[in-house]
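S.K.: You'll find protein26.csv just under this line, and it carries CSV, C-alpha atoms and all ligand atoms.
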chain,number,residue,atom,x,y,z
K,71,MET,CA,89.1,108.1,111.9
K,72,ARG,CA,86.3,106.1,113.5
K,73,LYS,CA,83.4,105.0,111.3
K,74,ARG,CA,80.3,102.8,111.8
K,75,ILE,CA,79.5,100.6,108.8
K,76,ALA,CA,76.3,98.7,108.4
K,77,VAL,CA,77.0,95.3,106.8
K,78,LEU,CA,74.3,93.5,104.8
K,79,LYS,CA,75.8,90.3,103.6
K,80,GLY,CA,72.6,89.1,101.9
K,81,ASP,CA,72.2,85.8,100.0
K,82,GLY,CA,74.1,83.4,97.7
K,83,ILE,CA,77.7,84.6,97.3
K,84,GLY,CA,76.9,87.7,99.4
K,85,PRO,CA,78.5,86.4,102.7
K,86,GLU,CA,81.7,85.2,100.8
K,87,ILE,CA,82.4,88.4,98.9
K,88,VAL,CA,81.5,90.7,101.9
K,89,GLY,CA,83.7,88.5,104.1
K,90,GLU,CA,86.8,89.2,101.9
K,91,THR,CA,85.9,92.9,101.7
K,92,LEU,CA,85.8,93.2,105.5
K,93,LYS,CA,89.3,91.6,105.6
K,94,VAL,CA,90.5,94.3,103.1
K,95,LEU,CA,88.8,97.1,105.2
K,96,GLU,CA,90.6,95.8,108.2
K,97,ALA,CA,93.9,95.8,106.4
K,98,VAL,CA,93.3,99.4,105.5
K,99,ALA,CA,92.3,100.3,109.1
K,100,GLU,CA,95.5,98.7,110.4
K,101,GLN,CA,97.8,100.3,107.7
K,102,TYR,CA,96.4,103.8,108.1
K,103,GLY,CA,95.3,103.9,111.8
K,104,HIS,CA,91.5,104.0,111.4
K,105,HIS,CA,88.8,102.1,113.3
K,106,PHE,CA,85.8,100.7,111.5
K,107,ALA,CA,82.9,99.2,113.7
K,108,TYR,CA,80.6,96.8,111.9
K,109,ASN,CA,76.9,96.3,112.5
K,110,PHE,CA,75.7,93.1,110.8
K,111,LEU,CA,72.1,93.3,109.6
K,112,ASP,CA,69.7,91.0,107.6
K,113,ILE,CA,68.3,91.7,104.2
K,114,GLY,CA,66.7,89.7,101.3
K,115,GLY,CA,66.2,86.0,101.5
K,116,ALA,CA,68.2,85.7,104.7
K,117,ALA,CA,65.9,88.2,106.4
K,118,ILE,CA,62.8,86.4,105.0
K,119,ASP,CA,64.0,83.2,106.6
K,120,LYS,CA,64.6,84.9,110.0
K,121,THR,CA,61.7,87.4,110.2
K,122,GLY,CA,59.3,86.8,107.3
K,123,VAL,CA,60.1,90.1,105.5
K,124,PRO,CA,63.0,91.0,103.2
K,125,LEU,CA,63.7,94.3,105.0
K,126,PRO,CA,63.1,94.3,108.7
K,127,GLN,CA,62.8,97.7,110.5
K,128,GLU,CA,65.9,96.9,112.5
K,129,THR,CA,67.9,96.9,109.2
K,130,ILE,CA,66.5,100.2,108.1
K,131,ASP,CA,67.3,101.8,111.5
K,132,GLY,CA,70.8,100.3,111.5
K,133,CYS,CA,71.6,101.7,108.0
K,134,LEU,CA,70.2,105.1,108.9
K,135,GLU,CA,72.4,105.2,112.1
K,136,ALA,CA,75.5,104.1,110.4
K,137,ASP,CA,78.0,106.3,108.5
K,138,SER,CA,77.7,104.1,105.5
K,139,THR,CA,76.4,100.7,104.3
K,140,LEU,CA,78.1,97.8,102.6
K,141,LEU,CA,75.9,95.2,100.8
K,142,GLY,CA,76.6,91.9,99.1
K,143,ALA,CA,73.7,90.7,97.0
K,144,VAL,CA,70.2,89.4,97.5
K,145,GLY,CA,67.9,86.7,96.0
K,146,GLY,CA,68.0,83.2,94.9
K,147,PRO,CA,65.8,80.3,93.7
K,148,LYS,CA,64.7,79.4,97.3
K,149,TRP,CA,62.7,82.6,97.4
K,150,ASP,CA,61.6,82.8,93.7
K,151,ASN,CA,58.0,81.8,94.6
K,152,VAL,CA,57.3,84.1,97.5
K,153,PRO,CA,54.6,86.7,96.8
K,154,GLY,CA,55.9,89.8,94.9
K,155,ASP,CA,55.7,92.2,97.8
K,156,ARG,CA,57.9,90.0,100.0
K,157,ARG,CA,60.5,89.0,97.4
K,158,PRO,CA,64.2,89.5,98.4
K,159,GLU,CA,64.6,92.2,95.7
K,160,LYS,CA,62.0,94.3,97.6
K,161,GLY,CA,64.5,94.6,100.4
K,162,LEU,CA,67.0,96.1,98.0
K,163,LEU,CA,64.6,98.6,96.5
K,164,GLY,CA,63.3,99.3,100.0
K,165,ILE,CA,66.6,100.2,101.6
K,166,ARG,CA,67.6,102.4,98.6
K,167,SER,CA,64.4,104.2,99.0
K,168,ALA,CA,64.5,104.4,102.9
K,169,MET,CA,68.0,105.9,102.7
K,170,GLY,CA,66.9,108.4,100.0
K,171,LEU,CA,69.6,107.2,97.6
K,172,PHE,CA,68.6,108.5,94.2
K,173,ALA,CA,71.9,108.3,92.4
K,174,ASN,CA,73.7,105.2,91.4
K,175,LEU,CA,77.2,105.5,90.1
K,176,ARG,CA,78.6,102.6,88.2
K,177,PRO,CA,82.0,102.9,86.7
K,178,ALA,CA,82.8,100.8,83.6
K,179,LYS,CA,86.6,100.7,83.5
K,180,LEU,CA,88.7,98.2,81.8
K,181,PHE,CA,91.8,97.1,83.7
K,182,PRO,CA,94.4,96.6,80.9
K,183,GLN,CA,95.4,93.3,82.4
K,184,LEU,CA,91.8,92.0,81.6
K,185,ALA,CA,91.7,93.2,78.0
K,186,ASP,CA,91.7,89.5,76.9
K,187,ALA,CA,88.5,88.9,78.9
K,188,SER,CA,86.6,91.6,77.1
K,189,PRO,CA,84.3,90.1,74.4
K,190,LEU,CA,85.0,93.1,72.2
K,191,ARG,CA,87.5,93.1,69.4
K,192,ALA,CA,91.0,94.1,70.3
K,193,ASP,CA,91.0,97.2,68.2
K,194,ILE,CA,87.9,98.5,70.0
K,195,VAL,CA,89.3,97.7,73.5
K,196,ALA,CA,92.6,99.3,72.5
K,197,ARG,CA,90.9,102.7,72.3
K,198,GLY,CA,90.2,102.4,76.0
K,199,ILE,CA,87.0,101.8,78.1
K,200,ASP,CA,86.6,104.3,81.0
K,201,PHE,CA,83.1,105.7,81.5
K,202,LEU,CA,80.6,106.0,84.2
K,203,VAL,CA,76.8,105.3,84.2
K,204,VAL,CA,74.8,107.6,86.5
K,205,ARG,CA,71.5,105.8,87.0
K,206,GLU,CA,68.4,107.3,88.7
K,207,LEU,CA,67.6,104.8,91.4
K,208,ILE,CA,64.3,105.4,93.2
K,209,GLY,CA,61.9,106.6,90.5
K,210,GLY,CA,60.5,105.5,87.2
K,211,VAL,CA,58.9,102.2,86.3
K,212,TYR,CA,60.4,100.2,89.2
K,213,PHE,CA,58.5,102.4,91.7
K,214,GLY,CA,55.5,103.6,89.6
K,215,GLY,CA,52.9,101.1,90.6
K,216,HIS,CA,52.2,97.6,89.1
K,217,LYS,CA,49.0,95.7,88.6
K,218,THR,CA,47.6,92.7,86.8
K,219,GLU,CA,43.9,92.6,86.2
K,220,THR,CA,41.5,90.6,84.0
K,221,VAL,CA,40.0,92.5,81.1
K,222,ASN,CA,37.7,90.8,78.6
K,223,GLY,CA,38.6,87.4,80.0
K,224,GLU,CA,42.4,87.7,79.7
K,225,ARG,CA,45.0,89.0,82.1
K,226,VAL,CA,46.4,92.5,81.4
K,227,ALA,CA,49.5,93.7,83.3
K,228,THR,CA,50.4,97.4,83.7
K,229,ASP,CA,53.6,99.1,85.1
K,230,VAL,CA,53.6,102.8,85.4
K,231,MET,CA,56.7,105.0,84.7
K,232,PRO,CA,56.3,108.4,86.4
K,233,TYR,CA,59.0,111.1,86.8
K,234,ALA,CA,58.6,114.5,88.5
K,235,GLU,CA,60.8,117.4,87.4
K,236,HIS,CA,62.7,117.6,90.7
K,237,GLU,CA,63.6,113.9,90.5
K,238,ILE,CA,65.0,114.5,87.0
K,239,GLU,CA,66.8,117.7,87.9
K,240,ARG,CA,68.7,116.2,91.0
K,241,ILE,CA,70.0,113.2,89.1
K,242,LEU,CA,71.0,115.3,86.0
K,243,ARG,CA,72.9,117.6,88.4
K,244,VAL,CA,74.8,114.5,89.7
K,245,GLY,CA,75.6,113.7,86.0
K,246,PHE,CA,76.9,117.2,85.3
K,247,GLU,CA,78.9,117.4,88.5
K,248,THR,CA,80.4,114.0,87.9
K,249,ALA,CA,81.3,114.9,84.3
K,250,ALA,CA,82.9,118.1,85.5
K,251,LYS,CA,85.3,116.0,87.7
K,252,ARG,CA,86.1,113.7,84.6
K,253,ARG,CA,86.4,114.5,80.9
K,254,SER,CA,83.5,117.0,80.8
K,255,ARG,CA,81.3,115.0,78.5
K,256,LEU,CA,77.7,114.1,79.4
K,257,THR,CA,75.3,111.9,77.4
K,258,VAL,CA,71.6,111.9,78.4
K,259,VAL,CA,70.2,108.5,77.4
K,260,ASP,CA,66.4,108.3,76.9
K,261,LYS,CA,63.6,107.2,74.5
K,262,ALA,CA,62.4,110.7,73.6
K,263,ASN,CA,60.9,109.6,70.3
K,264,VAL,CA,58.3,107.5,72.3
K,265,LEU,CA,58.1,108.4,76.0
K,266,ASP,CA,56.8,111.6,77.6
K,267,THR,CA,59.1,111.0,80.6
K,268,SER,CA,62.1,111.1,78.2
K,269,ARG,CA,60.8,114.4,76.6
K,270,LEU,CA,60.6,115.9,80.1
K,271,TRP,CA,64.1,114.7,80.8
K,272,ARG,CA,65.3,116.5,77.7
K,273,ALA,CA,63.5,119.7,78.7
K,274,VAL,CA,65.0,119.7,82.2
K,275,ALA,CA,68.5,118.8,80.8
K,276,ALA,CA,68.4,121.8,78.5
K,277,ARG,CA,67.5,124.1,81.4
K,278,VAL,CA,70.1,122.6,83.8
K,279,ALA,CA,72.8,122.7,81.1
K,280,ALA,CA,72.9,126.5,81.3
K,281,ASP,CA,74.5,126.1,84.8
K,282,TYR,CA,77.3,123.9,83.3
K,283,PRO,CA,78.6,125.8,80.2
K,284,ASP,CA,81.9,123.8,80.2
K,285,ILE,CA,80.2,120.4,79.8
K,286,ALA,CA,79.6,119.0,76.3
K,287,LEU,CA,76.1,117.6,76.4
K,288,ASN,CA,74.5,115.2,73.9
K,289,TYR,CA,71.4,113.1,73.8
K,290,MET,CA,71.1,109.5,72.7
K,291,TYR,CA,68.2,107.0,72.3
K,292,VAL,CA,68.6,104.0,74.6
K,293,ASP,CA,68.5,101.5,71.7
K,294,ASN,CA,71.3,103.4,70.0
K,295,ALA,CA,73.2,103.7,73.3
K,296,SER,CA,73.2,100.0,73.8
K,297,MET,CA,74.7,99.6,70.3
K,298,GLN,CA,77.3,102.4,70.7
K,299,ILE,CA,78.5,100.8,74.0
K,300,VAL,CA,79.7,97.8,72.2
K,301,LYS,CA,80.7,99.6,68.9
K,302,ASP,CA,82.7,102.5,70.3
K,303,PRO,CA,82.7,102.7,74.1
K,304,ALA,CA,85.6,105.2,74.0
K,305,GLN,CA,83.2,107.9,73.0
K,306,PHE,CA,81.6,108.0,76.4
K,307,ASP,CA,82.6,109.8,79.6
K,308,VAL,CA,79.5,110.0,81.7
K,309,ILE,CA,76.1,108.6,80.8
K,310,VAL,CA,73.0,109.8,82.9
K,311,THR,CA,69.8,107.9,82.5
K,312,GLU,CA,66.6,106.8,84.2
K,313,ASN,CA,66.2,103.7,86.4
K,314,MET,CA,65.4,100.9,84.1
K,315,PHE,CA,67.6,102.0,81.2
K,316,GLY,CA,70.5,102.5,83.6
K,317,ASP,CA,69.9,99.0,85.1
K,318,ILE,CA,70.2,97.4,81.6
K,319,LEU,CA,73.0,99.6,80.2
K,320,SER,CA,75.2,99.2,83.2
K,321,ASP,CA,75.1,95.4,83.0
K,322,GLU,CA,76.1,95.7,79.3
K,323,ALA,CA,78.8,98.2,80.2
K,324,SER,CA,80.2,95.8,82.9
K,325,MET,CA,80.3,92.9,80.5
K,326,ILE,CA,82.5,94.7,78.0
K,327,THR,CA,85.1,95.3,80.8
K,328,GLY,CA,85.6,91.6,81.2
K,329,SER,CA,83.5,90.4,84.1
K,330,ILE,CA,80.4,91.5,85.9
K,331,GLY,CA,82.3,90.4,89.1
K,332,MET,CA,84.7,93.4,88.8
K,333,ILE,CA,82.3,96.3,88.8
K,334,PRO,CA,81.5,98.3,92.0
K,335,SER,CA,78.8,100.8,92.6
K,336,ALA,CA,77.9,103.7,94.9
K,337,SER,CA,74.4,104.8,95.7
K,338,LEU,CA,74.3,108.3,97.0
K,339,GLY,CA,71.6,110.7,98.4
K,340,GLU,CA,71.9,114.3,99.6
K,341,GLY,CA,74.5,113.7,102.4
K,342,THR,CA,77.7,111.7,102.6
K,343,ARG,CA,76.1,108.5,103.7
K,344,GLY,CA,75.9,105.9,100.9
K,345,LEU,CA,75.1,102.3,100.0
K,346,TYR,CA,78.0,100.4,98.4
K,347,GLU,CA,77.5,97.2,96.5
K,348,PRO,CA,78.8,95.2,93.5
K,349,ILE,CA,76.5,95.4,90.5
K,350,HIS,CA,76.1,91.6,90.1
K,351,GLY,CA,73.5,89.4,91.8
K,352,SER,CA,73.8,86.6,94.3
K,353,ALA,CA,75.1,84.1,91.7
K,354,PRO,CA,73.4,81.1,93.3
K,355,ASP,CA,75.1,78.8,90.7
K,356,ILE,CA,78.5,79.3,92.4
K,357,ALA,CA,77.4,80.2,96.0
K,358,GLY,CA,79.3,78.5,98.8
K,359,GLN,CA,82.0,77.1,96.5
K,360,ASP,CA,84.7,79.7,97.0
K,361,LYS,CA,84.5,80.6,93.3
K,362,ALA,CA,83.1,84.1,93.5
K,363,ASN,CA,85.1,87.2,92.4
K,364,PRO,CA,85.2,89.5,95.5
K,365,ILE,CA,86.7,92.5,93.5
K,366,GLY,CA,83.5,94.2,92.7
K,367,THR,CA,82.6,94.3,96.4
K,368,ILE,CA,86.2,95.3,97.4
K,369,LEU,CA,86.2,98.2,94.9
K,370,SER,CA,82.7,99.2,96.2
K,371,ALA,CA,84.4,99.5,99.7
K,372,ALA,CA,87.1,101.6,98.0
K,373,MET,CA,84.3,103.9,96.7
K,374,MET,CA,82.9,104.1,100.2
K,375,LEU,CA,86.3,105.2,101.6
K,376,LYS,CA,86.4,108.0,98.9
K,377,TYR,CA,82.8,109.2,98.6
K,378,SER,CA,81.5,108.7,102.2
K,379,PHE,CA,84.6,109.0,104.4
K,380,GLY,CA,86.8,111.3,102.3
K,381,LEU,CA,89.7,108.9,102.5
K,382,ALA,CA,91.0,109.3,98.9
K,383,LYS,CA,94.5,107.9,99.7
K,384,GLU,CA,93.1,104.8,101.3
K,385,SER,CA,90.7,104.3,98.4
K,386,GLU,CA,93.5,104.6,95.9
K,387,ALA,CA,95.6,102.1,98.0
K,388,VAL,CA,92.8,99.5,97.6
K,389,GLU,CA,92.6,100.1,93.8
K,390,ALA,CA,96.4,99.8,93.5
K,391,ALA,CA,96.3,96.5,95.4
K,392,VAL,CA,93.6,95.2,93.0
K,393,ASN,CA,95.8,96.3,90.1
K,394,LYS,CA,98.8,94.6,91.7
K,395,VAL,CA,97.2,91.2,92.1
K,396,LEU,CA,95.9,91.3,88.5
K,397,GLU,CA,99.4,92.2,87.4
K,398,GLN,CA,100.6,89.1,89.3
K,399,GLY,CA,98.2,87.1,87.1
K,400,LEU,CA,95.8,86.0,89.8
K,401,ARG,CA,92.3,85.4,88.4
K,402,THR,CA,89.0,84.0,89.7
K,403,GLY,CA,87.1,81.7,87.3
K,404,ASP,CA,84.9,84.4,85.8
K,405,MET,CA,87.9,86.3,84.4
K,406,MET,CA,90.3,83.5,83.9
K,407,SER,CA,92.5,83.5,80.7
K,408,GLY,CA,95.5,81.6,79.5
K,409,GLY,CA,98.8,81.9,81.4
K,410,CYS,CA,97.1,83.2,84.6
K,411,THR,CA,96.7,81.5,88.0
K,412,LEU,CA,93.2,80.4,89.0
K,413,VAL,CA,92.4,81.3,92.6
K,414,GLY,CA,89.3,81.2,94.8
K,415,CYS,CA,87.4,84.0,96.5
K,416,ARG,CA,89.4,83.7,99.8
K,417,ALA,CA,92.8,83.5,98.1
K,418,MET,CA,91.9,86.6,96.0
K,419,GLY,CA,90.9,88.5,99.2
K,420,ASP,CA,94.1,87.4,101.0
K,421,ALA,CA,96.3,88.5,98.0
K,422,ILE,CA,94.6,91.9,98.0
K,423,CYS,CA,95.1,92.3,101.8
K,424,ALA,CA,98.8,91.3,101.4
K,425,ALA,CA,99.2,93.9,98.6
K,426,ILE,CA,97.8,96.6,100.9
K,427,GLY,CA,100.2,95.6,103.7
U,501,LIG,P1,73.9,87.2,88.8
U,501,LIG,O1,74.6,88.5,88.7
U,501,LIG,O2,73.8,86.7,90.2
U,501,LIG,O3,74.7,86.1,88.0
U,501,LIG,C1,74.9,86.1,86.6
U,501,LIG,C2,76.1,85.3,86.2
U,501,LIG,O4,77.3,86.0,86.6
U,501,LIG,C3,76.1,83.9,86.9
U,501,LIG,O5,76.7,83.0,86.0
U,501,LIG,C4,77.1,84.1,88.0
U,501,LIG,O6,77.8,83.0,88.5
U,501,LIG,C5,78.1,85.2,87.5
U,501,LIG,N1,78.6,86.1,88.6
U,501,LIG,C6,77.9,87.1,89.2
U,501,LIG,N2,78.7,87.6,90.1
U,501,LIG,C7,79.8,87.0,90.1
U,501,LIG,C8,81.0,87.1,90.9
U,501,LIG,N3,81.2,88.0,91.8
U,501,LIG,N4,82.0,86.2,90.6
U,501,LIG,C9,81.9,85.3,89.6
U,501,LIG,N5,80.8,85.1,88.9
U,501,LIG,C10,79.8,86.0,89.1
U,501,LIG,O7,72.5,87.3,88.1
U,501,LIG,P2,71.3,86.3,88.0
U,501,LIG,O8,71.8,84.9,87.9
U,501,LIG,O9,70.4,86.9,87.0
U,501,LIG,O10,70.5,86.4,89.4
U,501,LIG,C11,70.7,85.6,90.5
U,501,LIG,C12,70.0,86.1,91.7
U,501,LIG,O11,70.5,87.4,92.1
U,501,LIG,C13,68.5,86.3,91.4
U,501,LIG,O12,67.7,86.0,92.6
U,501,LIG,C14,68.4,87.8,91.2
U,501,LIG,O13,67.1,88.3,91.5
U,501,LIG,C15,69.4,88.4,92.1
U,501,LIG,N6,70.0,89.7,91.8
U,501,LIG,C16,70.4,90.5,92.8
U,501,LIG,C17,71.0,91.7,92.6
U,501,LIG,C18,71.5,92.5,93.8
U,501,LIG,O14,71.4,92.0,94.9
U,501,LIG,N7,71.9,93.7,93.6
U,501,LIG,C19,71.3,92.1,91.3
U,501,LIG,C20,70.9,91.2,90.2
U,501,LIG,C21,70.3,90.0,90.5
Now, as a test, write the supplied structure out as structure tokens.
Ligand code: NAD
M.R.:
Amino acid sequence: MRKRIAVLKGDGIGPEIVGETLKVLEAVAEQYGHHFAYNFLDIGGAAIDKTGVPLPQETIDGCLEADSTLLGAVGGPKWDNVPGDRRPEKGLLGIRSAMGLFANLRPAKLFPQLADASPLRADIVARGIDFLVVRELIGGVYFGGHKTETVNGERVATDVMPYAEHEIERILRVGFETAAKRRSRLTVVDKANVLDTSRLWRAVAARVAADYPDIALNYMYVDNASMQIVKDPAQFDVIVTENMFGDILSDEASMITGSIGMIPSASLGEGTRGLYEPIHGSAPDIAGQDKANPIGTILSAAMMLKYSFGLAKESEAVEAAVNKVLEQGLRTGDMMSGGCTLVGCRAMGDAICAAIG
């Protein structure tokens, strides 16, 4: 199989974690007889430094021409003071929007070898953590318009949170379909006691549910959901929610699985093309020190193999290789625990490549 992959390394630890992931993709290509061609493009702070904008047109065109896109992370203190419309994060929101990626899938799965790294009590962890957050990605308050104005002599800031029915329906359908491939339980997370958008989500969910009679559907307020994720995570199979709630809950979900450095994500639209990235940021505090955990990005590439290229066997081989190195006791600093061997980003990438070979 020949595939073109747009590669957006980004900022901070982005180049390091993406570098290791490309080594793993090459190991897969060699092992299974595929050919991946990479097109390296700029985004975020790196793009601002080169072109003055966080998302150059060339990057958008390159991603739209590719079969799929792999992204590291964007942002860092160097660009914290650039004007809002030219911040590195704008590049991220912009590419998701330009590619029409409305669904973000974030698995929260605890590798048993990392049980000690979970901040939750052992008896809670022992019940198992294996759920998936489906987050709406290109609507809601992050895209609804923002303004700061002066009213009666003081500044007043406003962010607007709009949701149209069709935007809600298409993400809910991703939630139902995903649940159907898992344990058939779907939780719609919202704030329907306060927000009109949430009440519309519930109305649409009730209608769409008629098409999925085998899925057990329940609703949960977001404040309760954030408590339940740490109290009894085993109750969840698939959570579907709007953009900002999903942003926050998926970070919480990742932390209970041990390290934010372990969690991949897939952003999908109508076709097979997707954007694959770890859920963490650019970690400027450890950038350039060979300390980053590349596994979240490597597992993102595994999701790309499965969801965009239909290469399920190869995807499973990458996951099995990650499992094997954890079994061997190799750990980066973020997930280190007693009796294990501390390794850097490069050594972790090499070990995973070796496990694939
Ligand atoms: P962060 O996720 O970058 O870091 C939070 C903490 O987790 C840090 O201590 C960091 O060292 C650690 N960490 C993160 N990823 C790690 C990994 N792979 N291995 C080991 N440790 C890891 O979040 P932050 O510090 O709030 O943000 C830093 C920058 O990243 C900011 O500019 C922010 O805007 C940006 N950001 C980008 C994205 C993205 O590109 N998707 C997401 C979140 C934040």
S.K.: Considering all atoms listed in the file, state which residue in the set K:Ile208, K:Val98, K:Val392, K:Ala353 is at the smallest distance from ligand LIG 501 (chain U).
M.R.: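 That would be K:Ala353, the residue with the smallest distance to ligand LIG 501 (chain U).
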S.K.: State, in Å with one decimal place, the distance from atom CA of Ala178 of chain K to atom O12 of ligand LIG 501 (chain U).
M.R.: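 Pair atom CA of Ala178 of chain K / atom O12 of ligand LIG 501 (chain U) returns 23.0 Å.
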S.K.: Using all atoms listed in the file, find the one residue out of K:Asn294, K:Thr402, K:Ser335, K:Asn363 that sits nearest to ligand LIG 501 (chain U).
M.R.: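 Using all atoms listed in the file, the shortest distance to ligand LIG 501 (chain U) belongs to K:Asn363.
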S.K.: What is the atom CA of Gly215 of chain K-atom CA of Asp155 of chain K distance in Å, reported with one decimal?
M.R.: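 Atom CA of Gly215 of chain K sits 11.8 Å away from atom CA of Asp155 of chain K.
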S.K.: When you look at Asn288 of chain K with a cut-off of 7 Å (counting all atoms listed in the file), what residues show up, excluding the ones that are within fewer than 3 positions of it in the same chain? I need them as a list in words.
M.R.: Leu256, Thr257 and Val258 of chain K
S.K.: Ligand LIG 501 (chain U): which residues are within 7 Å, counting only C-alpha atoms and all ligand atoms? Reply as an mmCIF file with C-alpha atoms, keeping the file's coordinate frame.
M.R.:
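Saved the output as out.cif:
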data_model
loop_
_atom_site.group_PDB
_atom_site.id
_atom_site.type_symbol
_atom_site.label_atom_id
_atom_site.label_comp_id
_atom_site.auth_asym_id
_atom_site.auth_seq_id
_atom_site.Cartn_x
_atom_site.Cartn_y
_atom_site.Cartn_z
ATOM 1 C CA GLY K 142 76.600 91.900 99.100
ATOM 2 C CA ALA K 143 73.700 90.700 97.000
ATOM 3 C CA VAL K 144 70.200 89.400 97.500
ATOM 4 C CA GLY K 145 67.900 86.700 96.000
ATOM 5 C CA GLY K 146 68.000 83.200 94.900
ATOM 6 C CA PRO K 147 65.800 80.300 93.700
ATOM 7 C CA ASP K 150 61.600 82.800 93.700
ATOM 8 C CA GLU K 159 64.600 92.200 95.700
ATOM 9 C CA LEU K 162 67.000 96.100 98.000
ATOM 10 C CA ILE K 330 80.400 91.500 85.900
ATOM 11 C CA GLY K 331 82.300 90.400 89.100
ATOM 12 C CA ILE K 349 76.500 95.400 90.500
ATOM 13 C CA HIS K 350 76.100 91.600 90.100
ATOM 14 C CA GLY K 351 73.500 89.400 91.800
ATOM 15 C CA SER K 352 73.800 86.600 94.300
ATOM 16 C CA ALA K 353 75.100 84.100 91.700
ATOM 17 C CA PRO K 354 73.400 81.100 93.300
ATOM 18 C CA ASP K 355 75.100 78.800 90.700
ATOM 19 C CA ILE K 356 78.500 79.300 92.400
ATOM 20 C CA LYS K 361 84.500 80.600 93.300
ATOM 21 C CA ALA K 362 83.100 84.100 93.500
ATOM 22 C CA ASN K 363 85.100 87.200 92.400
ATOM 23 C CA PRO K 364 85.200 89.500 95.500
ATOM 24 C CA GLY K 366 83.500 94.200 92.700
ATOM 25 C CA GLY K 403 87.100 81.700 87.300
ATOM 26 C CA ASP K 404 84.900 84.400 85.800
#
S.K.: Would you kindly return, as a VMD selection string, each protein, DNA or RNA residue with an atom no farther than 7 Å from any atom of Leu171 of chain K, considering all atoms listed in the file and excluding same-chain residues fewer than 2 positions away?
M.R.: chain K and resid 166 to 167 169 173 207 337 to 339
S.K.: One decimal, Å: what's the distance from atom CA of Leu345 of chain K over to atom CA of Asp137 of chain K, could you say?
M.R.: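 Here the two named atoms are 9.8 Å from each other.
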S.K.: Point out the residue among K:Asn313, K:Thr220, K:Ser324, K:Asn151 with the least atom-to-atom distance to Gly115 of chain K, counting only C-alpha atoms.
M.R.: K:Asn151
S.K.: Find the residues around Glu135 of chain K up to 12 Å (all atoms listed in the file counted), leave out those fewer than 6 positions away in its own chain, and share them as a list of chain:residue names.
M.R.: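 Close residues of Glu135 of chain K: K:Lys73, K:Arg74, K:Ile75, K:Ala76, K:Tyr108, K:Asn109, K:Glu128, K:Thr129, K:Met169, K:Arg343, K:Gly344.
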S.K.: For each of K:Gly316, K:Pro182, K:Gly427, K:Gly154, take the minimum atom-to-atom distance to Lys217 of chain K, counting all atoms listed in the file, then give the residue where this is smallest.
M.R.: K:Gly154
S.K.: Looking at all atoms listed in the file, which of K:Met297, K:Leu141, K:Asp119, K:Arg255 is the one that sits closest to Thr91 of chain K?
M.R.: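 Closest to Thr91 of chain K of all the choices is K:Leu141.
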S.K.: From the options K:Val388, K:Met71, K:Leu184, K:Leu202, which residue's atoms come nearest to Met405 of chain K, counting all atoms listed in the file?
M.R.: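 Counting all atoms listed in the file, the residue closest to Met405 of chain K is K:Leu184.
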